[in-house]
Each structure stands twice: as structure tokens, then as C-alpha cells.
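Report on the following structure.
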Amino acid sequence: MARIKPQSGILDIAPYQGGQSQIAGRSDVVKLSSNENPFGPSERARAAFAATAAALHLYPSTDHAALRAAIGEVHGVDPARVICGAGSDEVIAFLCNAYAGPGDEVIHTEHGFAMYRISALAAGATPVEVPERDRTVDVDAILAACTDRTRLVFVANPANPTGTMISAEDTARLADGLPDQALLVLDGAYAECVEGFDGGAAVVEGRENVVMTRTFSKIYGLGGLRIGWGYGPAEVIDVLNRVRGPFNLSRAQLDTAEAAVRDVAYTEKCCAENARLRDWLVVELNAAGVPTDPSFANFVLPRFRDRAEAEACDDFLKSEGLIVRRVAGYKLPDALRISVGDEAACRRVIEAITRFREAADARAV
Ligand SMILES: *Cc1c(COP(=O)(O)O)cnc(C)c1O
């Protein structure tokens, strides 16, 4: 086998670790490790999914026209410049495969989402990590890191796992300051969580170098079905469609996503509940002495005294049936990422962390 080797870069990929979902021997487990919508998908999305069972023998649409039209109507974007993928992960992979290869650089930030690096390496390109400032994307640091080999720059806004955001002005400044050959990708996986935010659609308009990605996995409650989309200049979308497989989305994915995006009232209800509980979590964590930045997403990122305390708290939460996410792999070893659950789950989290902290403080006396 020694002579059969993968492309260079592939063995540098550390496989993506998904959020844990079970604790042996416990039935009251709440999973708060993958930023899923605790209320699940809308009734209309569930009904659309069920209806597709009768058509499993039929190939799905190759151009996704009905879903793109629905996305265009609801999000106010041009459906001709929308591309749909199996999660936004697939759109990220299309971008890397189409625009970055050996010798090319793909910029991501210090605490940036893992798939940027993974997809860049899979395409044979070189990932370049840029520092953040206080857990926030630093536009000047990104611009300073650009070279004549930079082909893609990935920024999630709001970001995961930090939950922070950069302003519309900074986003535009980043787009306009990039070298000519570089494409900016604004990952809007959590855009719905920010009231009135378009995810970067306005930055895409009128520019040739910006793509926005979006997902049905988070606030739409469809992470299990794998649907995402991208929006960009016509030339870029044409390129991405050439690397996209013709049947990359099943009828179940297409029809369910269409019903979900059209159920605006349900999405708004989920966003409002998320914002209410998220902001409550931040206040309560800070009150418990665990510093936590304001979050613009559907998770919070409490910071502990050190890595040992974060891991001890994670173990304690597990013993209480609460699964959260360690983020040492995101260069945040002293933090834990906790998705916003329903109200009962949020209360359990605060109650448990408060007890954990009181016990730690009592031991320290
Ligand atoms: C969850 C997430 C995604 C979405 O991934 P899907 O493939 O659409 O499920 C994309 N970007 C970020 C930053 C995320 O946190």
C-alpha cells in the first residue's frame, strides 16, 4: 500500500468531531452541543417531508428551481444566483474545489469554523490561520495576511463558536480591501438569530468578490436532512454549479427546505425564543461569575478560569445529563460552547453551573 497515497494535504486533515449526543445509562439527556433548534422543524416542513415518501422512485430536480424561488421570495435575493447544497458544508467544499488548489492560500480565522480548513486541505490548498482580537474577527489582520496566493477568505458572521459579529462597515471594508484574485465567503449559518440582519446579502450585491452561505441546519431545525445554500455573483454561481453533482439534493431535502423557508411565522417564533433565552443565559452566567460575551447566535460561550475548570465543569454537566461542547480544538480551551435549548434546558444549565461554581469556590476557601 505504501505506493498508493492520497493527494498531499489529505492526511493533514483532522477528522471533524461532531457534538456528542448520548450519555450511557441516562434517559433525561439534553443535547446542547450542536446548535440545533430545540423545537425541531416546523409542522409544515414535517408534512412536506412525509409527503415525499410517495415519490422516492423519482429522480429529484437538478436545478432546484422551486427551492431557489422560495429562498428568493423569502430572503429577497435573486433566485438565479442561488446555489443549493447538502448543507452549507457542501457549498463550502464547492468553493474550495473550484477556487483553491495546490499553492493557493485559504484564509480562516483563529477560532473559525473547522470546515474551512478541512475543505481547503481536501482541495489541496494551504489553509492560513489569522489571529482574532478578543474572540472577534479582526479585519485588519485578515487584510494584512493576504498575499498574491490568497484565493478564499472565510468569515462566519455571527461566528461559531464565539458568537461574536463584525459590523456591516467592517464587512464591506474587508470585501473592498481584498486582493483582486480573492473571494470573500460570508458564512451566515446563524444570520437568522440576528434581528434584521441579511446575512451579508447586501454585501454580495454590486460586488464580484463576495459569496454568502446559509443553512437549514440551525434555526430551521433541519440539521439531520442536510440542506444549505449560497448566494453570489452570477459568474461564481455558474462555476460552483459546474462542480456540483446534478442530483446533490434529494426530493425530501428540496421539498422540506422549501416548506421550511416559507413558514416565516415559525422561523420568527423560534428566533424570538432563541434571543430571549440566549440573552437570559448570558446574564445568568455572568452573574454566576463565569464571564460570557454577548452572543448573536443560538449558543453561548462561557469562559472558565482555565482549561482544567472548563473540563471539570463539562464533566459535571455530563453527570447532570447535559451535553455541551468542548472547544479546545477551536483554540478556546478554557471555554465551553452551550447551545440555547428550550427554557427547561436553559434553567438546568444555569442551575448546574451555579452549583458547580459554588462547590469550586467552597473548595478554594
Ligand atoms: C453549523 C454551521 C454551518 C452549517 O453546516 P451545514 O453543513 O449547513 O449543516 C456552517 N457554518 C458554520 C459556522 C456553522 O456553525
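Chain labels A, B, ... are given in the sequence in which chains occur in the C-alpha cells; within each chain residues are numbered consecutively from 1, and ligands are likewise numbered from 1 in the order shown.
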Would you mind listing the residues within 8 Å of ligand 1, counting only C-alpha atoms and all ligand atoms, as JSON, numbers by chain?
{"A": [34, 35, 86, 87, 88, 89, 90, 112, 113, 115, 156, 157, 158, 159, 160, 161, 187, 188, 189, 190, 213, 214, 215, 216, 217, 218, 223, 226, 227, 228, 229]}
Selected residues written out, C-alpha atoms, as a CSV table (one decimal), in the first residue's frame:
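After the write, again-v2.csv holds the following:
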chain,number,residue,atom,x,y,z
A,34,SER,CA,-24.5,21.1,18.0
A,35,ASN,CA,-26.5,24.4,17.9
A,86,ALA,CA,-26.1,19.2,1.1
A,87,GLY,CA,-25.7,21.5,4.0
A,88,SER,CA,-23.7,24.7,3.6
A,89,ASP,CA,-20.7,22.4,4.2
A,90,GLU,CA,-21.2,21.2,0.6
A,112,GLY,CA,-13.1,29.9,12.8
A,113,PHE,CA,-15.4,27.0,11.9
A,115,MET,CA,-14.9,23.0,7.8
A,156,ALA,CA,-18.7,33.4,9.7
A,157,ASN,CA,-20.9,36.3,10.9
A,158,PRO,CA,-22.1,35.7,13.6
A,159,ALA,CA,-19.1,33.4,14.2
A,160,ASN,CA,-19.1,29.9,15.6
A,161,PRO,CA,-18.0,29.1,18.3
A,187,ASP,CA,-21.0,32.3,6.3
A,188,GLY,CA,-24.4,33.3,7.6
A,189,ALA,CA,-25.2,30.0,9.3
A,190,TYR,CA,-26.6,32.0,12.3
A,213,THR,CA,-23.6,30.8,2.6
A,214,ARG,CA,-26.7,29.9,4.6
A,215,THR,CA,-28.1,26.8,6.2
A,216,PHE,CA,-31.3,25.0,7.1
A,217,SER,CA,-29.4,23.2,9.9
A,218,LYS,CA,-29.7,25.7,12.7
A,223,GLY,CA,-29.6,19.6,10.5
A,226,ARG,CA,-28.5,18.4,5.2
A,227,ILE,CA,-29.6,21.5,3.2
A,228,GLY,CA,-27.7,24.7,2.7
A,229,TRP,CA,-27.4,27.4,0.0
For Gln7 of chain A, find every residue with an atom within 9 Å (counting only C-alpha atoms), except residues of its own chain fewer than 5 positions away, and show them as an mmCIF file with N, CA and C atoms, in the first residue's frame.
data_model
loop_
_atom_site.group_PDB
_atom_site.id
_atom_site.type_symbol
_atom_site.label_atom_id
_atom_site.label_comp_id
_atom_site.auth_asym_id
_atom_site.auth_seq_id
_atom_site.Cartn_x
_atom_site.Cartn_y
_atom_site.Cartn_z
ATOM 1 N N ALA A 122 -8.665 19.484 1.683
ATOM 2 C CA ALA A 122 -9.199 18.469 0.766
ATOM 3 C C ALA A 122 -8.999 18.894 -0.684
ATOM 4 N N ALA A 123 -8.998 20.208 -0.923
ATOM 5 C CA ALA A 123 -8.809 20.711 -2.283
ATOM 6 C C ALA A 123 -7.328 20.832 -2.642
ATOM 7 N N GLY A 124 -6.442 20.537 -1.680
ATOM 8 C CA GLY A 124 -5.012 20.619 -1.957
ATOM 9 C C GLY A 124 -4.425 21.983 -1.673
#
Closest contacts (segment 164-260 of chain A/segment 273-282 of chain A, max 10 Å, only C-alpha atoms) as JSON lines:
{"residue": "A:Cys193", "atom": "CA", "partner": "A:Ala275", "partner_atom": "CA", "distance": 7.0}
{"residue": "A:Val194", "atom": "CA", "partner": "A:Ala275", "partner_atom": "CA", "distance": 8.3}
{"residue": "A:Glu195", "atom": "CA", "partner": "A:Ala275", "partner_atom": "CA", "distance": 9.0}
{"residue": "A:Ile219", "atom": "CA", "partner": "A:Asn274", "partner_atom": "CA", "distance": 8.8}
Since we have the selection now, will you write its residues out, keeping N, CA and C atoms, as a short mmCIF file (atom, residue, chain, number, x, y, z; two decimals), in the first residue's frame?
data_model
loop_
_atom_site.label_atom_id
_atom_site.label_comp_id
_atom_site.auth_asym_id
_atom_site.auth_seq_id
_atom_site.Cartn_x
_atom_site.Cartn_y
_atom_site.Cartn_z
N CYS A 193 -30.50 34.50 13.58
CA CYS A 193 -30.53 34.79 15.02
C CYS A 193 -30.37 36.28 15.30
N VAL A 194 -30.00 37.06 14.29
CA VAL A 194 -29.77 38.49 14.47
C VAL A 194 -30.92 39.23 13.80
N GLU A 195 -31.72 39.89 14.62
CA GLU A 195 -32.91 40.54 14.07
C GLU A 195 -32.54 41.58 13.02
N ILE A 219 -31.47 27.39 12.81
CA ILE A 219 -32.77 27.86 13.29
C ILE A 219 -33.93 27.13 12.60
#
Give me the segment 122-159 of chain A side of the contact with segment 164-173 of chain A, cut-off 12 Å, one line per residue showing its nearest atom pair and distance in Å at one decimal, counting only C-alpha atoms, sorted by chain and residue number, as JSON lines.
{"residue": "A:Glu132", "atom": "CA", "partner": "A:Thr164", "partner_atom": "CA", "distance": 10.9}
{"residue": "A:Arg133", "atom": "CA", "partner": "A:Thr164", "partner_atom": "CA", "distance": 10.9}
{"residue": "A:Asp134", "atom": "CA", "partner": "A:Thr164", "partner_atom": "CA", "distance": 9.6}
{"residue": "A:Arg135", "atom": "CA", "partner": "A:Thr164", "partner_atom": "CA", "distance": 7.2}
{"residue": "A:Thr136", "atom": "CA", "partner": "A:Thr164", "partner_atom": "CA", "distance": 5.9}
{"residue": "A:Val137", "atom": "CA", "partner": "A:Ile166", "partner_atom": "CA", "distance": 6.7}
{"residue": "A:Asp138", "atom": "CA", "partner": "A:Ile166", "partner_atom": "CA", "distance": 8.4}
{"residue": "A:Val139", "atom": "CA", "partner": "A:Asp170", "partner_atom": "CA", "distance": 6.7}
{"residue": "A:Asp140", "atom": "CA", "partner": "A:Asp170", "partner_atom": "CA", "distance": 9.2}
{"residue": "A:Ile142", "atom": "CA", "partner": "A:Arg173", "partner_atom": "CA", "distance": 11.1}
{"residue": "A:Leu143", "atom": "CA", "partner": "A:Arg173", "partner_atom": "CA", "distance": 9.5}
{"residue": "A:Val153", "atom": "CA", "partner": "A:Thr171", "partner_atom": "CA", "distance": 11.7}
{"residue": "A:Phe154", "atom": "CA", "partner": "A:Thr171", "partner_atom": "CA", "distance": 11.6}
{"residue": "A:Val155", "atom": "CA", "partner": "A:Thr171", "partner_atom": "CA", "distance": 9.2}
{"residue": "A:Ala156", "atom": "CA", "partner": "A:Met165", "partner_atom": "CA", "distance": 8.2}
{"residue": "A:Asn157", "atom": "CA", "partner": "A:Met165", "partner_atom": "CA", "distance": 5.3}
{"residue": "A:Pro158", "atom": "CA", "partner": "A:Met165", "partner_atom": "CA", "distance": 4.6}
{"residue": "A:Ala159", "atom": "CA", "partner": "A:Thr164", "partner_atom": "CA", "distance": 5.6}
In Å, with one decimal, what is the gap from atom CA of Glu258 of chain A to atom CA of Ile83 of chain A?
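Result for atom CA of Glu258 of chain A versus atom CA of Ile83 of chain A: 13.7 Å, one decimal.
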I need the residues in segment 8-230 of chain A that are alpha helix (DSSP H) according to DSSP; give them as a ChimeraX atom specification.
/A:43-51,65-75,87-99,114-122,139-145,168-177,201-204
Excluding same-chain residues fewer than 3 positions from Lys331 of chain A, what lies within 8 Å of it counting only C-alpha atoms, as an MDAnalysis selection string?
chainID A and resid 110:111 327:328
Write out, as an mmCIF file, in the first residue's frame, the residues just selected, with N, CA, C and O atoms.
data_model
loop_
_atom_site.group_PDB
_atom_site.id
_atom_site.type_symbol
_atom_site.label_atom_id
_atom_site.label_comp_id
_atom_site.auth_asym_id
_atom_site.auth_seq_id
_atom_site.Cartn_x
_atom_site.Cartn_y
_atom_site.Cartn_z
ATOM 1 N N GLU A 110 -8.628 32.531 13.637
ATOM 2 C CA GLU A 110 -8.143 31.759 14.784
ATOM 3 C C GLU A 110 -9.181 30.803 15.373
ATOM 4 O O GLU A 110 -8.893 29.639 15.621
ATOM 5 N N HIS A 111 -10.389 31.316 15.601
ATOM 6 C CA HIS A 111 -11.428 30.481 16.201
ATOM 7 C C HIS A 111 -12.472 30.082 15.153
ATOM 8 O O HIS A 111 -13.597 29.744 15.492
ATOM 9 N N VAL A 327 -14.346 23.221 23.320
ATOM 10 C CA VAL A 327 -13.883 23.939 22.139
ATOM 11 C C VAL A 327 -12.366 24.180 22.158
ATOM 12 O O VAL A 327 -11.877 25.143 21.569
ATOM 13 N N ALA A 328 -11.636 23.270 22.831
ATOM 14 C CA ALA A 328 -10.173 23.384 22.824
ATOM 15 C C ALA A 328 -9.661 23.305 21.389
ATOM 16 O O ALA A 328 -8.682 23.964 21.025
#
Rank nothing, just name the residue among A:Ala93, A:Leu336, A:Leu152, A:Val236 nearest to Leu183 of chain A, using only C-alpha atoms.
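So, comparing all the options, the nearest one is A:Leu152.
The two atoms in question, atom CA of Val203 of chain A and atom CA of Arg337 of chain A, are spaced 28.8 Å apart.
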Name the residues of segment 27-85 of chain A that come out as strand (DSSP E or B) in a backbone DSSP run; write them as number ranges by chain.
A: 30-31, 82-85
Prev. selection, C-alpha atoms, output as a PDB file, in the first residue's frame:
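Below is the file that was written, part.pdb:
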ATOM      1  CA  VAL A  30     -30.328  17.193  26.765  1.00  0.00           C
ATOM      2  CA  LYS A  31     -28.015  17.697  23.802  1.00  0.00           C
ATOM      3  CA  VAL A  82     -28.630  30.916  -5.533  1.00  0.00           C
ATOM      4  CA  ILE A  83     -26.949  27.503  -5.351  1.00  0.00           C
ATOM      5  CA  CYS A  84     -28.173  24.731  -3.041  1.00  0.00           C
ATOM      6  CA  GLY A  85     -26.048  22.071  -1.387  1.00  0.00           C
TER       7      GLY A  85
END
Find the spatial neighbours of Asp63 of chain A, counting only C-alpha atoms, within a cut-off of 12 Å - ignore same-chain residues fewer than 4 positions away - and output them as a ChimeraX atom specification.
/A:59,67-69,79-85,238,241-242,244-251,254
Determine, counting only C-alpha atoms, which protein, DNA and RNA residues have an atom within 8 Å of an atom of Val204 of chain A; residues of the same chain fewer than 4 positions away are not included. Present the result as a PyMOL selection string.
chain A and resi 200+208-212+231-233
Segment 306-312 of chain A: which residues within 8 Å, counting only C-alpha atoms, same-chain residues fewer than 2 positions away excluded, as a compact mmCIF listing (two decimals) with all heavy atoms, in the first residue's frame?
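Below is the file that was written, part_24.txt:
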# COMPACT_ATOMS: atom_id res chain seq x y z
N ARG A 303 -16.62 31.37 29.70
CA ARG A 303 -15.18 31.15 29.86
C ARG A 303 -14.87 30.88 31.33
O ARG A 303 -15.30 31.62 32.21
CB ARG A 303 -14.39 32.37 29.38
CG ARG A 303 -14.72 32.74 27.95
CD ARG A 303 -13.76 33.79 27.41
NE ARG A 303 -13.67 35.00 28.17
CZ ARG A 303 -14.57 35.99 28.12
NH1 ARG A 303 -15.64 35.88 27.34
NH2 ARG A 303 -14.40 37.09 28.84
N PHE A 304 -14.14 29.81 31.57
CA PHE A 304 -13.81 29.40 32.93
C PHE A 304 -12.41 29.89 33.29
O PHE A 304 -11.76 30.56 32.49
CB PHE A 304 -13.98 27.89 33.06
CG PHE A 304 -15.43 27.48 32.87
CD1 PHE A 304 -15.96 27.30 31.59
CD2 PHE A 304 -16.28 27.37 33.95
CE1 PHE A 304 -17.29 26.99 31.40
CE2 PHE A 304 -17.61 27.06 33.77
CZ PHE A 304 -18.13 26.87 32.50
N ASP A 314 -17.50 20.62 32.34
CA ASP A 314 -18.08 19.76 31.31
C ASP A 314 -18.42 18.39 31.90
O ASP A 314 -19.52 17.86 31.66
CB ASP A 314 -17.10 19.64 30.15
CG ASP A 314 -17.65 18.78 29.02
OD1 ASP A 314 -18.85 18.93 28.71
OD2 ASP A 314 -16.89 17.96 28.47
N ASP A 315 -17.50 17.83 32.68
CA ASP A 315 -17.76 16.52 33.30
C ASP A 315 -18.96 16.60 34.24
O ASP A 315 -19.80 15.70 34.26
CB ASP A 315 -16.52 16.04 34.08
CG ASP A 315 -15.37 15.67 33.15
OD1 ASP A 315 -15.63 15.44 31.95
OD2 ASP A 315 -14.22 15.63 33.62
N PHE A 316 -19.03 17.69 35.02
CA PHE A 316 -20.14 17.85 35.95
C PHE A 316 -21.47 17.96 35.19
O PHE A 316 -22.47 17.32 35.54
CB PHE A 316 -19.92 19.08 36.84
CG PHE A 316 -21.04 19.30 37.81
CD1 PHE A 316 -21.22 18.45 38.90
CD2 PHE A 316 -21.94 20.34 37.64
CE1 PHE A 316 -22.27 18.63 39.80
CE2 PHE A 316 -22.99 20.53 38.53
CZ PHE A 316 -23.16 19.68 39.61
N ARG A 326 -16.95 20.97 24.18
CA ARG A 326 -15.61 21.47 24.45
C ARG A 326 -15.07 22.12 23.18
O ARG A 326 -15.30 21.60 22.08
CB ARG A 326 -14.68 20.33 24.87
CG ARG A 326 -15.01 19.77 26.23
CD ARG A 326 -13.92 18.83 26.72
NE ARG A 326 -14.36 18.17 27.96
CZ ARG A 326 -13.57 17.48 28.77
NH1 ARG A 326 -12.29 17.33 28.46
NH2 ARG A 326 -14.05 16.93 29.86
N PRO A 333 -9.52 26.66 24.94
CA PRO A 333 -9.51 25.53 25.89
C PRO A 333 -10.22 25.82 27.21
O PRO A 333 -10.67 24.89 27.87
CB PRO A 333 -8.01 25.27 26.13
CG PRO A 333 -7.34 26.54 25.75
CD PRO A 333 -8.16 27.16 24.66
N ASP A 334 -10.32 27.11 27.59
CA ASP A 334 -10.95 27.40 28.88
C ASP A 334 -12.45 27.71 28.74
O ASP A 334 -13.08 28.13 29.71
CB ASP A 334 -10.23 28.56 29.59
CG ASP A 334 -10.21 29.83 28.75
OD1 ASP A 334 -10.69 29.78 27.59
OD2 ASP A 334 -9.71 30.86 29.24
N ALA A 335 -13.00 27.47 27.57
CA ALA A 335 -14.42 27.79 27.34
C ALA A 335 -15.22 26.53 27.04
O ALA A 335 -14.67 25.47 26.71
CB ALA A 335 -14.55 28.78 26.18
N LEU A 336 -16.54 26.65 27.18
CA LEU A 336 -17.46 25.60 26.72
C LEU A 336 -18.52 26.29 25.87
O LEU A 336 -18.98 27.37 26.21
CB LEU A 336 -18.15 24.91 27.91
CG LEU A 336 -17.25 24.11 28.87
CD1 LEU A 336 -18.08 23.62 30.05
CD2 LEU A 336 -16.61 22.92 28.14
For Leu11 of chain A, which residue out of A:Ile118, A:Ile350, A:Asp104, A:Arg357 is the nearest one, using only C-alpha atoms?
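Nearest candidate to Leu11 of chain A out of A:Ile118, A:Ile350, A:Asp104, A:Arg357: A:Ile118.
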Provide the atom CA of Ile323 of chain A to atom CA of Thr292 of chain A distance in Å, to one decimal place.
18.3 Å
For segment 20-41 of chain A versus segment 265-268 of chain A, which residues have an atom no more than 12 Å away, and what is each residue's nearest atom pair and distance in Å rounded to one decimal, using only C-alpha atoms, chain-then-number order, as CSV?
residue,atom,partner,partner_atom,distance
A:Asn37,CA,A:Thr267,CA,10.2
A:Phe39,CA,A:Tyr266,CA,10.1
A:Gly40,CA,A:Tyr266,CA,10.5
A:Pro41,CA,A:Tyr266,CA,8.8
Please list as a ChimeraX atom specification every residue within 12 Å of Ala45 of chain A, counting only C-alpha atoms and excluding residues in the same chain fewer than 4 positions away.
/A:40-41,49-52,216,220-222,225,252-264,266-267
So, with only C-alpha atoms as the atoms that count, which of A:Ala66, A:Ile13, A:Leu184, A:Val340 lies closest to Ile107 of chain A?
A:Leu184
